[in-house]
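One file, work-v4.tsv, is given below (TSV, C-alpha atoms and all ligand atoms).
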chain	number	residue	atom	x	y	z
A	1	MET	CA	189.56	-113.56	-27.01
A	2	SER	CA	187.25	-113.89	-24.05
A	3	HIS	CA	183.93	-112.04	-24.20
A	4	GLN	CA	181.68	-111.12	-21.35
A	5	ILE	CA	178.02	-111.70	-22.19
A	6	ALA	CA	175.20	-110.25	-20.10
A	7	VAL	CA	172.22	-112.59	-19.92
A	8	ILE	CA	168.86	-111.07	-18.97
A	9	PRO	CA	166.09	-113.70	-19.17
A	10	GLY	CA	163.26	-111.36	-18.03
A	11	ASP	CA	159.69	-112.63	-17.63
A	12	GLY	CA	157.55	-115.56	-18.71
A	13	ILE	CA	159.02	-117.68	-21.49
A	14	GLY	CA	162.11	-115.46	-21.40
A	15	GLN	CA	163.04	-117.60	-18.37
A	16	GLU	CA	162.71	-120.74	-20.52
A	17	VAL	CA	164.16	-119.79	-23.91
A	18	THR	CA	167.15	-117.82	-22.59
A	19	PRO	CA	168.78	-120.82	-20.82
A	20	ALA	CA	168.18	-122.79	-24.06
A	21	ALA	CA	170.24	-120.26	-26.02
A	22	VAL	CA	172.98	-120.25	-23.37
A	23	ASP	CA	173.11	-124.08	-23.53
A	24	VAL	CA	173.61	-123.87	-27.30
A	25	LEU	CA	176.40	-121.29	-26.92
A	26	ASN	CA	178.02	-123.45	-24.25
A	27	ALA	CA	178.05	-126.39	-26.66
A	28	LEU	CA	180.35	-124.42	-28.99
A	29	ASP	CA	184.05	-123.80	-28.75
A	30	VAL	CA	183.78	-120.13	-27.81
A	31	ASP	CA	185.29	-118.24	-24.91
A	32	PHE	CA	182.26	-116.57	-23.31
A	33	GLU	CA	181.79	-115.60	-19.71
A	34	PHE	CA	178.05	-115.33	-18.91
A	35	ARG	CA	176.76	-113.00	-16.21
A	36	GLU	CA	173.08	-112.99	-15.40
A	37	GLY	CA	171.09	-109.81	-14.73
A	38	GLU	CA	167.58	-109.44	-13.34
A	39	ALA	CA	164.77	-107.46	-14.95
A	40	GLY	CA	161.04	-107.81	-15.38
A	41	ASP	CA	157.60	-107.62	-13.82
A	42	HIS	CA	158.69	-110.06	-11.10
A	43	VAL	CA	161.47	-107.64	-10.09
A	44	ALA	CA	159.12	-104.63	-10.23
A	45	GLU	CA	156.71	-106.43	-7.89
A	46	GLU	CA	159.41	-106.64	-5.24
A	47	THR	CA	161.19	-103.32	-5.72
A	48	GLY	CA	158.85	-101.13	-7.79
A	49	GLU	CA	161.55	-100.86	-10.46
A	50	PRO	CA	161.58	-103.32	-13.44
A	51	LEU	CA	165.16	-102.60	-14.51
A	52	PRO	CA	167.64	-102.46	-11.60
A	53	GLU	CA	170.70	-100.24	-11.93
A	54	GLU	CA	173.00	-103.28	-11.56
A	55	THR	CA	171.44	-104.78	-14.67
A	56	VAL	CA	171.95	-101.55	-16.60
A	57	GLU	CA	175.60	-101.54	-15.50
A	58	LEU	CA	176.00	-105.19	-16.45
A	59	ALA	CA	174.73	-104.51	-19.99
A	60	ARG	CA	176.96	-101.44	-20.24
A	61	GLU	CA	180.12	-103.31	-19.18
A	62	SER	CA	179.52	-106.44	-21.22
A	63	ASP	CA	180.62	-107.06	-24.81
A	64	ALA	CA	177.07	-108.04	-25.73
A	65	THR	CA	173.72	-108.75	-24.10
A	66	LEU	CA	171.25	-111.57	-24.61
A	67	PHE	CA	167.77	-110.48	-23.61
A	68	GLY	CA	164.86	-112.93	-23.32
A	69	ALA	CA	161.51	-111.17	-23.03
A	70	ALA	CA	159.71	-108.83	-20.69
A	71	GLY	CA	156.03	-108.62	-19.77
A	72	GLU	CA	153.85	-105.64	-18.90
A	73	ARG	CA	156.79	-103.31	-18.26
A	74	ALA	CA	158.60	-104.30	-21.48
A	75	ALA	CA	158.92	-100.71	-22.75
A	76	ASP	CA	160.49	-99.61	-19.44
A	77	ILE	CA	163.12	-102.32	-19.80
A	78	ILE	CA	163.95	-102.81	-23.42
A	79	LEU	CA	163.99	-99.16	-24.55
A	80	PRO	CA	166.52	-98.12	-21.85
A	81	LEU	CA	168.62	-101.23	-22.55
A	82	ARG	CA	168.74	-100.42	-26.28
A	83	GLY	CA	169.91	-96.96	-25.24
A	84	VAL	CA	172.56	-98.38	-22.90
A	85	VAL	CA	174.16	-100.35	-25.73
A	86	GLY	CA	173.94	-97.25	-27.97
A	87	SER	CA	172.17	-99.18	-30.67
A	88	TYR	CA	171.59	-97.26	-33.88
A	89	ALA	CA	170.77	-100.28	-36.05
A	90	ASN	CA	167.90	-102.67	-35.53
A	91	VAL	CA	168.54	-105.77	-37.60
A	92	ARG	CA	165.48	-107.94	-38.23
A	93	PRO	CA	165.77	-110.93	-40.51
A	94	ALA	CA	162.51	-112.43	-41.77
A	95	LYS	CA	163.24	-115.80	-43.30
A	96	ALA	CA	160.90	-118.59	-44.34
A	97	TYR	CA	162.42	-121.86	-43.14
A	98	PRO	CA	162.02	-125.05	-45.14
A	99	GLY	CA	159.55	-127.59	-43.82
A	100	LEU	CA	157.32	-125.02	-42.16
A	101	GLU	CA	154.10	-123.48	-43.29
A	102	ALA	CA	155.02	-120.05	-44.56
A	103	VAL	CA	152.78	-117.68	-46.45
A	104	LYS	CA	155.66	-116.95	-48.82
A	105	PRO	CA	158.22	-119.76	-48.74
A	106	ASP	CA	160.95	-117.87	-50.66
A	107	THR	CA	161.17	-114.96	-48.23
A	108	ASP	CA	164.67	-114.15	-46.96
A	109	ILE	CA	164.81	-110.47	-46.12
A	110	VAL	CA	166.90	-108.55	-43.60
A	111	PHE	CA	165.57	-105.19	-42.47
A	112	ILE	CA	168.22	-102.71	-41.36
A	113	ARG	CA	166.17	-100.19	-39.47
A	114	GLU	CA	167.40	-96.84	-38.15
A	115	ASN	CA	166.87	-97.21	-34.41
A	116	THR	CA	167.25	-93.73	-32.88
A	117	GLN	CA	165.39	-91.01	-34.73
A	118	GLY	CA	162.61	-90.25	-37.22
A	119	VAL	CA	159.18	-89.96	-35.64
A	120	TYR	CA	160.37	-92.13	-32.73
A	121	ALA	CA	162.52	-89.30	-31.36
A	122	GLN	CA	159.48	-88.70	-29.11
A	123	ILE	CA	159.30	-84.95	-29.68
A	124	GLU	CA	155.56	-84.43	-29.41
A	125	SER	CA	153.51	-81.45	-28.33
A	126	GLN	CA	149.90	-81.08	-27.32
A	127	LEU	CA	149.16	-77.57	-28.62
A	128	THR	CA	145.54	-77.49	-27.54
A	129	ASP	CA	143.05	-80.12	-26.40
A	130	ASP	CA	142.32	-80.78	-30.05
A	131	VAL	CA	145.69	-80.36	-31.75
A	132	ALA	CA	148.90	-82.31	-31.30
A	133	THR	CA	152.13	-82.18	-33.31
A	134	LEU	CA	155.19	-84.35	-33.77
A	135	THR	CA	158.68	-83.35	-34.82
A	136	ARG	CA	160.53	-85.78	-37.07
A	137	VAL	CA	164.29	-85.75	-36.64
A	138	VAL	CA	166.64	-86.94	-39.36
A	139	THR	CA	170.36	-86.22	-39.36
A	140	ARG	CA	172.90	-86.86	-42.10
A	141	GLU	CA	175.18	-88.58	-39.60
A	142	ALA	CA	172.56	-91.11	-38.44
A	143	SER	CA	171.36	-91.69	-42.00
A	144	ARG	CA	174.90	-92.35	-43.24
A	145	LYS	CA	175.54	-94.63	-40.31
A	146	ILE	CA	172.54	-96.87	-40.93
A	147	ALA	CA	173.28	-96.95	-44.66
A	148	GLU	CA	176.91	-97.90	-44.04
A	149	TYR	CA	175.79	-100.63	-41.67
A	150	GLY	CA	173.26	-101.90	-44.22
A	151	PHE	CA	175.66	-102.06	-47.17
A	152	GLU	CA	178.35	-103.63	-45.01
A	153	TYR	CA	175.85	-106.22	-43.74
A	154	ALA	CA	174.77	-107.08	-47.30
A	155	GLU	CA	178.38	-107.50	-48.41
A	156	GLU	CA	179.40	-109.59	-45.41
A	157	HIS	CA	176.39	-111.86	-45.66
A	158	GLY	CA	176.43	-112.32	-49.42
A	159	TYR	CA	173.18	-110.53	-50.22
A	160	ASP	CA	173.05	-108.98	-53.71
A	161	ASN	CA	170.09	-106.63	-53.50
A	162	VAL	CA	170.03	-103.59	-51.28
A	163	THR	CA	166.90	-101.45	-51.26
A	164	ILE	CA	166.63	-98.03	-49.64
A	165	ALA	CA	163.07	-97.40	-48.45
A	166	HIS	CA	161.84	-93.82	-48.12
A	167	LYS	CA	159.01	-91.39	-48.76
A	168	ALA	CA	161.09	-88.47	-49.98
A	169	ASN	CA	158.47	-87.35	-52.47
A	170	VAL	CA	156.29	-86.20	-49.55
A	171	MET	CA	158.69	-85.81	-46.63
A	172	GLN	CA	161.08	-83.90	-48.84
A	173	LYS	CA	163.34	-82.45	-46.16
A	174	THR	CA	163.56	-85.38	-43.76
A	175	ASP	CA	163.37	-88.43	-46.01
A	176	GLY	CA	165.03	-86.33	-48.71
A	177	LEU	CA	168.05	-86.08	-46.42
A	178	PHE	CA	167.85	-89.76	-45.46
A	179	LEU	CA	167.75	-90.82	-49.12
A	180	GLU	CA	170.50	-88.42	-50.19
A	181	ALA	CA	172.80	-89.59	-47.38
A	182	ALA	CA	172.13	-93.28	-48.05
A	183	GLU	CA	172.67	-92.90	-51.80
A	184	ALA	CA	175.93	-91.04	-51.17
A	185	VAL	CA	177.14	-93.96	-49.04
A	186	ALA	CA	176.21	-96.41	-51.83
A	187	GLU	CA	178.07	-94.36	-54.41
A	188	GLU	CA	181.20	-94.01	-52.26
A	189	ARG	CA	181.21	-97.78	-51.83
A	190	GLY	CA	180.49	-98.41	-55.50
A	191	ALA	CA	177.54	-100.53	-54.38
A	192	ASP	CA	174.42	-101.31	-56.41
A	193	TYR	CA	171.10	-100.42	-54.88
A	194	ASP	CA	167.45	-99.69	-55.57
A	195	THR	CA	165.19	-97.16	-53.95
A	196	GLU	CA	161.50	-97.74	-53.21
A	197	LEU	CA	158.74	-95.55	-51.87
A	198	MET	CA	157.80	-97.24	-48.60
A	199	ASP	CA	154.09	-97.57	-49.34
A	200	ALA	CA	154.63	-99.21	-52.72
A	201	LEU	CA	157.29	-101.37	-51.09
A	202	ALA	CA	154.71	-102.69	-48.61
A	203	MET	CA	152.61	-103.96	-51.52
A	204	LYS	CA	155.60	-105.44	-53.35
A	205	LEU	CA	156.83	-107.20	-50.20
A	206	VAL	CA	153.52	-109.01	-49.94
A	207	MET	CA	153.43	-109.94	-53.62
A	208	TYR	CA	157.10	-110.51	-54.48
A	209	PRO	CA	159.15	-110.92	-51.27
A	210	GLU	CA	161.67	-113.07	-53.15
A	211	ASP	CA	162.81	-109.92	-55.00
A	212	TYR	CA	164.27	-108.39	-51.82
A	213	ASP	CA	167.37	-109.09	-49.72
A	214	VAL	CA	168.51	-106.21	-47.50
A	215	ILE	CA	166.21	-103.24	-46.92
A	216	ILE	CA	167.58	-100.07	-45.31
A	217	THR	CA	164.80	-98.02	-43.76
A	218	PRO	CA	164.01	-95.06	-41.54
A	219	ASN	CA	162.76	-95.95	-38.08
A	220	LEU	CA	158.95	-96.09	-38.35
A	221	ALA	CA	158.95	-97.62	-41.85
A	222	GLY	CA	161.31	-100.34	-40.64
A	223	ASP	CA	159.13	-101.12	-37.67
A	224	VAL	CA	156.02	-101.53	-39.80
A	225	LEU	CA	157.58	-103.24	-42.83
A	226	SER	CA	159.51	-105.77	-40.76
A	227	ASP	CA	156.37	-106.76	-38.85
A	228	LEU	CA	154.63	-107.10	-42.19
A	229	ALA	CA	157.40	-109.42	-43.37
A	230	ALA	CA	157.13	-111.41	-40.14
A	231	GLY	CA	153.60	-112.17	-41.25
A	232	LEU	CA	154.96	-113.63	-44.50
A	233	VAL	CA	157.10	-116.26	-42.80
A	234	GLY	CA	154.51	-117.35	-40.26
A	235	GLY	CA	155.58	-117.33	-36.66
A	236	LEU	CA	156.62	-115.20	-33.74
A	237	GLY	CA	158.59	-118.07	-32.22
A	238	LEU	CA	161.03	-117.87	-35.15
A	239	LEU	CA	162.08	-114.24	-35.45
A	240	PRO	CA	165.37	-113.04	-33.94
A	241	SER	CA	166.69	-109.48	-33.82
A	242	ALA	CA	169.79	-107.48	-33.04
A	243	ASN	CA	170.19	-103.95	-31.69
A	244	VAL	CA	173.66	-102.87	-32.72
A	245	GLY	CA	175.77	-99.96	-31.46
A	246	ASP	CA	179.38	-98.95	-32.04
A	247	ASP	CA	180.88	-100.85	-29.12
A	248	ASN	CA	177.99	-102.87	-27.82
A	249	ALA	CA	174.90	-104.74	-28.92
A	250	LEU	CA	171.80	-106.46	-27.59
A	251	PHE	CA	170.18	-109.54	-29.08
A	252	GLU	CA	166.58	-110.52	-28.45
A	253	PRO	CA	163.74	-112.51	-29.99
A	254	VAL	CA	160.97	-110.37	-31.46
A	255	HIS	CA	158.34	-112.10	-29.29
A	256	GLY	CA	157.26	-111.18	-25.77
A	257	SER	CA	156.81	-113.12	-22.53
A	258	ALA	CA	153.90	-115.25	-23.85
A	259	PRO	CA	151.98	-115.52	-20.55
A	260	ASP	CA	149.53	-117.96	-22.16
A	261	ILE	CA	152.19	-120.69	-22.37
A	262	ALA	CA	154.75	-119.54	-19.77
A	263	GLY	CA	155.77	-122.09	-17.16
A	264	GLN	CA	154.81	-125.08	-19.28
A	265	GLY	CA	158.22	-125.69	-20.84
A	266	ILE	CA	156.78	-125.67	-24.37
A	267	ALA	CA	157.98	-122.33	-25.77
A	268	ASN	CA	159.75	-122.46	-29.11
A	269	PRO	CA	163.36	-121.39	-28.41
A	270	SER	CA	164.20	-120.88	-32.13
A	271	ALA	CA	163.91	-117.07	-32.10
A	272	MET	CA	166.12	-116.89	-29.01
A	273	ILE	CA	168.70	-119.38	-30.34
A	274	LEU	CA	168.77	-117.53	-33.69
A	275	SER	CA	169.31	-114.30	-31.74
A	276	ALA	CA	172.30	-116.00	-30.09
A	277	ALA	CA	173.53	-116.88	-33.59
A	278	MET	CA	173.33	-113.17	-34.47
A	279	LEU	CA	175.40	-112.45	-31.36
A	280	LEU	CA	178.03	-114.94	-32.54
A	281	ASP	CA	178.06	-113.33	-35.97
A	282	HIS	CA	178.43	-109.88	-34.40
A	283	LEU	CA	181.44	-111.00	-32.34
A	284	ASP	CA	183.04	-112.43	-35.52
A	285	TYR	CA	182.37	-116.06	-34.71
A	286	ASP	CA	181.07	-116.43	-38.26
A	287	ALA	CA	181.54	-120.19	-38.54
A	288	GLU	CA	179.85	-120.84	-35.19
A	289	ALA	CA	176.97	-118.54	-36.15
A	290	ALA	CA	176.46	-120.53	-39.33
A	291	ARG	CA	176.62	-123.83	-37.41
A	292	VAL	CA	173.90	-122.69	-35.01
A	293	THR	CA	171.68	-121.31	-37.78
A	294	ASP	CA	172.08	-124.50	-39.83
A	295	ALA	CA	171.30	-126.67	-36.80
A	296	VAL	CA	168.10	-124.73	-36.04
A	297	GLU	CA	167.12	-124.89	-39.70
A	298	THR	CA	167.67	-128.65	-39.81
A	299	VAL	CA	165.60	-129.27	-36.69
A	300	LEU	CA	162.83	-126.99	-38.00
A	301	ASP	CA	162.86	-129.00	-41.22
A	302	GLU	CA	163.04	-132.48	-39.72
A	303	GLY	CA	161.54	-132.05	-36.26
A	304	PRO	CA	160.92	-132.40	-33.42
A	305	HIS	CA	158.64	-129.34	-33.30
A	306	THR	CA	157.26	-127.42	-30.35
A	307	PRO	CA	153.42	-127.07	-30.10
A	308	ASP	CA	153.31	-123.65	-31.84
A	309	LEU	CA	154.52	-125.48	-34.97
A	310	GLY	CA	152.14	-128.38	-34.49
A	311	GLY	CA	154.48	-130.73	-32.61
A	312	ASP	CA	154.64	-131.94	-29.04
A	313	ALA	CA	158.31	-131.39	-28.20
A	314	SER	CA	159.29	-129.42	-25.12
A	315	THR	CA	161.65	-126.46	-25.17
A	316	GLU	CA	164.34	-128.75	-23.76
A	317	GLU	CA	163.77	-131.48	-26.34
A	318	PHE	CA	163.96	-128.99	-29.21
A	319	THR	CA	167.13	-127.47	-27.75
A	320	ALA	CA	168.72	-130.89	-27.28
A	321	ALA	CA	167.97	-131.68	-30.94
A	322	VAL	CA	169.66	-128.42	-32.00
A	323	ILE	CA	172.73	-129.17	-29.88
A	324	ASP	CA	172.79	-132.68	-31.35
A	325	ARG	CA	172.89	-131.18	-34.88
A	326	LEU	CA	175.77	-128.82	-34.11
B	401	LIG	P1	153.89	-112.49	-27.21
B	401	LIG	O1	154.93	-112.43	-28.24
B	401	LIG	O2	154.34	-112.70	-25.81
B	401	LIG	O3	152.84	-113.66	-27.57
B	401	LIG	C1	151.98	-113.62	-28.71
B	401	LIG	C2	151.52	-115.05	-29.05
B	401	LIG	O4	152.61	-115.75	-29.64
B	401	LIG	C3	151.10	-115.85	-27.82
B	401	LIG	O5	150.03	-116.69	-28.17
B	401	LIG	C4	152.33	-116.68	-27.50
B	401	LIG	O6	152.06	-117.90	-26.87
B	401	LIG	C5	152.95	-116.89	-28.89
B	401	LIG	N1	154.41	-116.99	-28.80
B	401	LIG	C6	155.29	-115.95	-28.67
B	401	LIG	N2	156.54	-116.40	-28.60
B	401	LIG	C7	156.46	-117.75	-28.67
B	401	LIG	C8	157.43	-118.79	-28.62
B	401	LIG	N3	158.75	-118.53	-28.49
B	401	LIG	N4	157.00	-120.07	-28.71
B	401	LIG	C9	155.69	-120.34	-28.85
B	401	LIG	N5	154.72	-119.40	-28.90
B	401	LIG	C10	155.11	-118.12	-28.80
B	401	LIG	O7	153.06	-111.13	-27.32
B	401	LIG	P2	151.83	-110.60	-26.45
B	401	LIG	O8	150.95	-111.73	-26.06
B	401	LIG	O9	151.29	-109.50	-27.24
B	401	LIG	O10	152.47	-109.97	-25.14
B	401	LIG	C11	152.70	-110.70	-23.94
B	401	LIG	C12	153.57	-109.86	-23.04
B	401	LIG	O11	154.85	-109.69	-23.65
B	401	LIG	C13	153.02	-108.47	-22.78
B	401	LIG	O12	153.16	-108.20	-21.40
B	401	LIG	C14	153.91	-107.54	-23.61
B	401	LIG	O13	154.08	-106.30	-23.00
B	401	LIG	C15	155.21	-108.31	-23.64
B	401	LIG	N6	156.05	-108.06	-24.83
B	401	LIG	C16	157.40	-107.94	-24.62
B	401	LIG	C17	158.27	-107.77	-25.68
B	401	LIG	C18	159.74	-107.70	-25.38
B	401	LIG	O14	160.15	-108.08	-24.30
B	401	LIG	N7	160.57	-107.26	-26.31
B	401	LIG	C19	157.79	-107.70	-27.07
B	401	LIG	C20	156.37	-107.93	-27.19
B	401	LIG	C21	155.54	-108.08	-26.10
B	402	MG	MG	157.29	-103.26	-33.82

Would you mind writing the file out in structure tokens?
Ligand code: NAI
Ligand code: MG
Amino acid sequence: MSHQIAVIPGDGIGQEVTPAAVDVLNALDVDFEFREGEAGDHVAEETGEPLPEETVELARESDATLFGAAGERAADIILPLRGVVGSYANVRPAKAYPGLEAVKPDTDIVFIRENTQGVYAQIESQLTDDVATLTRVVTREASRKIAEYGFEYAEEHGYDNVTIAHKANVMQKTDGLFLEAAEAVAEERGADYDTELMDALAMKLVMYPEDYDVIITPNLAGDVLSDLAAGLVGGLGLLPSANVGDDNALFEPVHGSAPDIAGQGIANPSAMILSAAMLLDHLDYDAEAARVTDAVETVLDEGPHTPDLGGDASTEEFTAAVIDRL
């Protein structure tokens, strides 16, 4: 089946790593039609608007979107785009690749983070000059949905351990509901799971990351814990992510536009290429996803490496090596 893929390179190194990922996808036997959309600071400079309506439409109509990186106006681009694809799950794998310096070499954790509610529902009030409040929203439907996605992901990807992170001892109503809904999903599926208080989990992730596989979390906890885990595997140029909705999804590296190295052709395209592998996986090209992931892993292990990993390869040289390994 043919799929239409929106490609939005954005700013800075987004312009360099996105074509690298498209080259890798083009080297596979997949039926993708790529359509490029504009967004970014460079667009805002001309029109005042960083995310043109045509780009929003393109993402909406496409089967999936590949997004590179944005600069100063990132929040005005990526948050609406995540909304356009209706993403309720933010999938963030943190994996320590062989051959690289990692703080914890046995780390292989996938965070399945609720992507729509919790304290990020943006319901805040300034009551007086000196008092502000925040409303935390948790629904059974959204909690079940993220739990179902998490258990399904673990099963499909062969991960044994599923952990539900929460703080239901303090946030009894909201995280109580999240935990209850997630546990109900586990029981219906007959799936094994553990639960962890999110603060204790932060400590355990640092000390024993090898004990964890898939972690299902509320929104804020997932944001913080996944960044913490990124620190365990050593490198922003390596971390992909997926924003998954019912009928649509957006794939993007965790990093930004990296203005300090933009335009030099030396950005590490691994995070972007691994994001493309997640796109393949999402569209049920499982074998191709594995081929791309294996190829990136092999090149990370054997070289050549881009400067962020101590090498002197260009983005193009690294990408060519990945394509060679496919
Ligand atoms: P950044 O991720 O762009 O860069 C942080 C550091 O990591 C820099 O030293 C950069 O050179 C390095 N780095 C990042 N990705 C790399 C790669 N693929 N290869 C080699 N080195 C890499 O974050 P920073 O500097 O905080 O933000 C720069 C701009 O990016 C800002 O304008 C920010 O708003 C935007 N941003 C956009 C995001 C998005 O589009 N989702 C996410 C984070 C930041
Ligand atoms: Mg974050």

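Residues with any atom within 9 Å of the point (166.1, -121.9, -47.6), counting all atoms listed in the file, are A:Lys95, A:Ala96, A:Tyr97, A:Pro98, A:Pro105, A:Asp106, A:Thr107, A:Asp108, A:Glu297.
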
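Taking all atoms listed in the file into account, every polymer residue with at least one atom at most 12 Å away from ligand MG 402 (chain B) is listed here: Ala75, Asn90, Arg92, Arg113, Asn115, Tyr120, Asn219, Leu220, Ala221, Gly222, Asp223, Val224, Leu225, Ser226, Asp227, Leu228, Ala229, Ala230, Leu236, Ser241, Pro253, Val254, His255 and Gly256 of chain A.
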
- line: Nearest to Glu36 in chain A, restricted to all atoms listed in the file and choosing among A:Leu66, A:Asp23, A:Gly14, A:Asp160, comes out as A:Leu66

Of the listed residues A:Ile266, A:Ile216, A:Leu179, A:Leu134, that which approaches Gln15 in chain A most closely, counting only C-alpha atoms: A:Ile266

Contact check, chain A to ligand LIG 401 (chain B), at most 10 Å, counting only C-alpha atoms and all ligand atoms, closest pairs as JSON lines:
{"residue": "A:Pro9", "atom": "CA", "partner": "B:LIG401", "partner_atom": "O14", "distance": 9.7}
{"residue": "A:Gly10", "atom": "CA", "partner": "B:LIG401", "partner_atom": "O14", "distance": 7.7}
{"residue": "A:Asp11", "atom": "CA", "partner": "B:LIG401", "partner_atom": "O14", "distance": 8.1}
{"residue": "A:Gly12", "atom": "CA", "partner": "B:LIG401", "partner_atom": "O11", "distance": 8.1}
{"residue": "A:Ile13", "atom": "CA", "partner": "B:LIG401", "partner_atom": "N3", "distance": 7.1}
{"residue": "A:Gly14", "atom": "CA", "partner": "B:LIG401", "partner_atom": "O14", "distance": 8.2}
{"residue": "A:Glu16", "atom": "CA", "partner": "B:LIG401", "partner_atom": "N3", "distance": 9.2}
{"residue": "A:Val17", "atom": "CA", "partner": "B:LIG401", "partner_atom": "N3", "distance": 7.2}
{"residue": "A:Gly40", "atom": "CA", "partner": "B:LIG401", "partner_atom": "O14", "distance": 9.0}
{"residue": "A:Asp41", "atom": "CA", "partner": "B:LIG401", "partner_atom": "O12", "distance": 8.8}
{"residue": "A:Phe67", "atom": "CA", "partner": "B:LIG401", "partner_atom": "O14", "distance": 8.0}
{"residue": "A:Gly68", "atom": "CA", "partner": "B:LIG401", "partner_atom": "O14", "distance": 6.8}
{"residue": "A:Ala69", "atom": "CA", "partner": "B:LIG401", "partner_atom": "O14", "distance": 3.6}
{"residue": "A:Ala70", "atom": "CA", "partner": "B:LIG401", "partner_atom": "O14", "distance": 3.7}
{"residue": "A:Gly71", "atom": "CA", "partner": "B:LIG401", "partner_atom": "O12", "distance": 3.3}
{"residue": "A:Glu72", "atom": "CA", "partner": "B:LIG401", "partner_atom": "O12", "distance": 3.6}
{"residue": "A:Arg73", "atom": "CA", "partner": "B:LIG401", "partner_atom": "O13", "distance": 6.2}
{"residue": "A:Ala74", "atom": "CA", "partner": "B:LIG401", "partner_atom": "C16", "distance": 5.0}
{"residue": "A:Ala75", "atom": "CA", "partner": "B:LIG401", "partner_atom": "O13", "distance": 7.4}
{"residue": "A:Asp76", "atom": "CA", "partner": "B:LIG401", "partner_atom": "O14", "distance": 9.8}
{"residue": "A:Ile77", "atom": "CA", "partner": "B:LIG401", "partner_atom": "O14", "distance": 7.9}
{"residue": "A:Ile78", "atom": "CA", "partner": "B:LIG401", "partner_atom": "N7", "distance": 6.3}
{"residue": "A:Leu79", "atom": "CA", "partner": "B:LIG401", "partner_atom": "N7", "distance": 9.0}
{"residue": "A:Gly235", "atom": "CA", "partner": "B:LIG401", "partner_atom": "O4", "distance": 7.8}
{"residue": "A:Leu236", "atom": "CA", "partner": "B:LIG401", "partner_atom": "N2", "distance": 5.3}
{"residue": "A:Gly237", "atom": "CA", "partner": "B:LIG401", "partner_atom": "N3", "distance": 3.8}
{"residue": "A:Leu238", "atom": "CA", "partner": "B:LIG401", "partner_atom": "N3", "distance": 7.1}
{"residue": "A:Leu239", "atom": "CA", "partner": "B:LIG401", "partner_atom": "N3", "distance": 8.8}
{"residue": "A:Ser241", "atom": "CA", "partner": "B:LIG401", "partner_atom": "N7", "distance": 9.9}
{"residue": "A:Glu252", "atom": "CA", "partner": "B:LIG401", "partner_atom": "N7", "distance": 7.2}
{"residue": "A:Pro253", "atom": "CA", "partner": "B:LIG401", "partner_atom": "N7", "distance": 7.2}
{"residue": "A:Val254", "atom": "CA", "partner": "B:LIG401", "partner_atom": "N7", "distance": 6.0}
{"residue": "A:His255", "atom": "CA", "partner": "B:LIG401", "partner_atom": "O1", "distance": 3.6}
{"residue": "A:Gly256", "atom": "CA", "partner": "B:LIG401", "partner_atom": "O2", "distance": 3.3}
{"residue": "A:Ser257", "atom": "CA", "partner": "B:LIG401", "partner_atom": "O11", "distance": 4.1}
{"residue": "A:Ala258", "atom": "CA", "partner": "B:LIG401", "partner_atom": "O2", "distance": 3.2}
{"residue": "A:Pro259", "atom": "CA", "partner": "B:LIG401", "partner_atom": "C11", "distance": 5.9}
{"residue": "A:Asp260", "atom": "CA", "partner": "B:LIG401", "partner_atom": "O6", "distance": 5.3}
{"residue": "A:Ile261", "atom": "CA", "partner": "B:LIG401", "partner_atom": "O6", "distance": 5.3}
{"residue": "A:Ala262", "atom": "CA", "partner": "B:LIG401", "partner_atom": "O6", "distance": 7.8}
{"residue": "A:Gly265", "atom": "CA", "partner": "B:LIG401", "partner_atom": "N4", "distance": 9.7}
{"residue": "A:Ile266", "atom": "CA", "partner": "B:LIG401", "partner_atom": "C9", "distance": 7.0}
{"residue": "A:Ala267", "atom": "CA", "partner": "B:LIG401", "partner_atom": "N4", "distance": 3.8}
{"residue": "A:Asn268", "atom": "CA", "partner": "B:LIG401", "partner_atom": "N4", "distance": 3.7}
{"residue": "A:Pro269", "atom": "CA", "partner": "B:LIG401", "partner_atom": "N3", "distance": 5.4}
{"residue": "A:Ser270", "atom": "CA", "partner": "B:LIG401", "partner_atom": "N3", "distance": 7.0}
{"residue": "A:Ala271", "atom": "CA", "partner": "B:LIG401", "partner_atom": "N3", "distance": 6.5}
{"residue": "A:Met272", "atom": "CA", "partner": "B:LIG401", "partner_atom": "N3", "distance": 7.6}
{"residue": "A:Thr306", "atom": "CA", "partner": "B:LIG401", "partner_atom": "C9", "distance": 7.4}
{"residue": "A:Pro307", "atom": "CA", "partner": "B:LIG401", "partner_atom": "C9", "distance": 7.2}
{"residue": "A:Asp308", "atom": "CA", "partner": "B:LIG401", "partner_atom": "C9", "distance": 5.1}
{"residue": "A:Leu309", "atom": "CA", "partner": "B:LIG401", "partner_atom": "C9", "distance": 8.1}
{"residue": "A:Thr315", "atom": "CA", "partner": "B:LIG401", "partner_atom": "N4", "distance": 8.7}

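The space separating CA of Ala64 in chain A from CA of Gln4 in chain A comes to 7.1 Å.
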
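Each of A:Val299, A:Ile146, A:Ile8, A:Ala59 was checked against Ala39 in chain A using all atoms listed in the file; the smallest atom-to-atom distance is that of A:Ile8.
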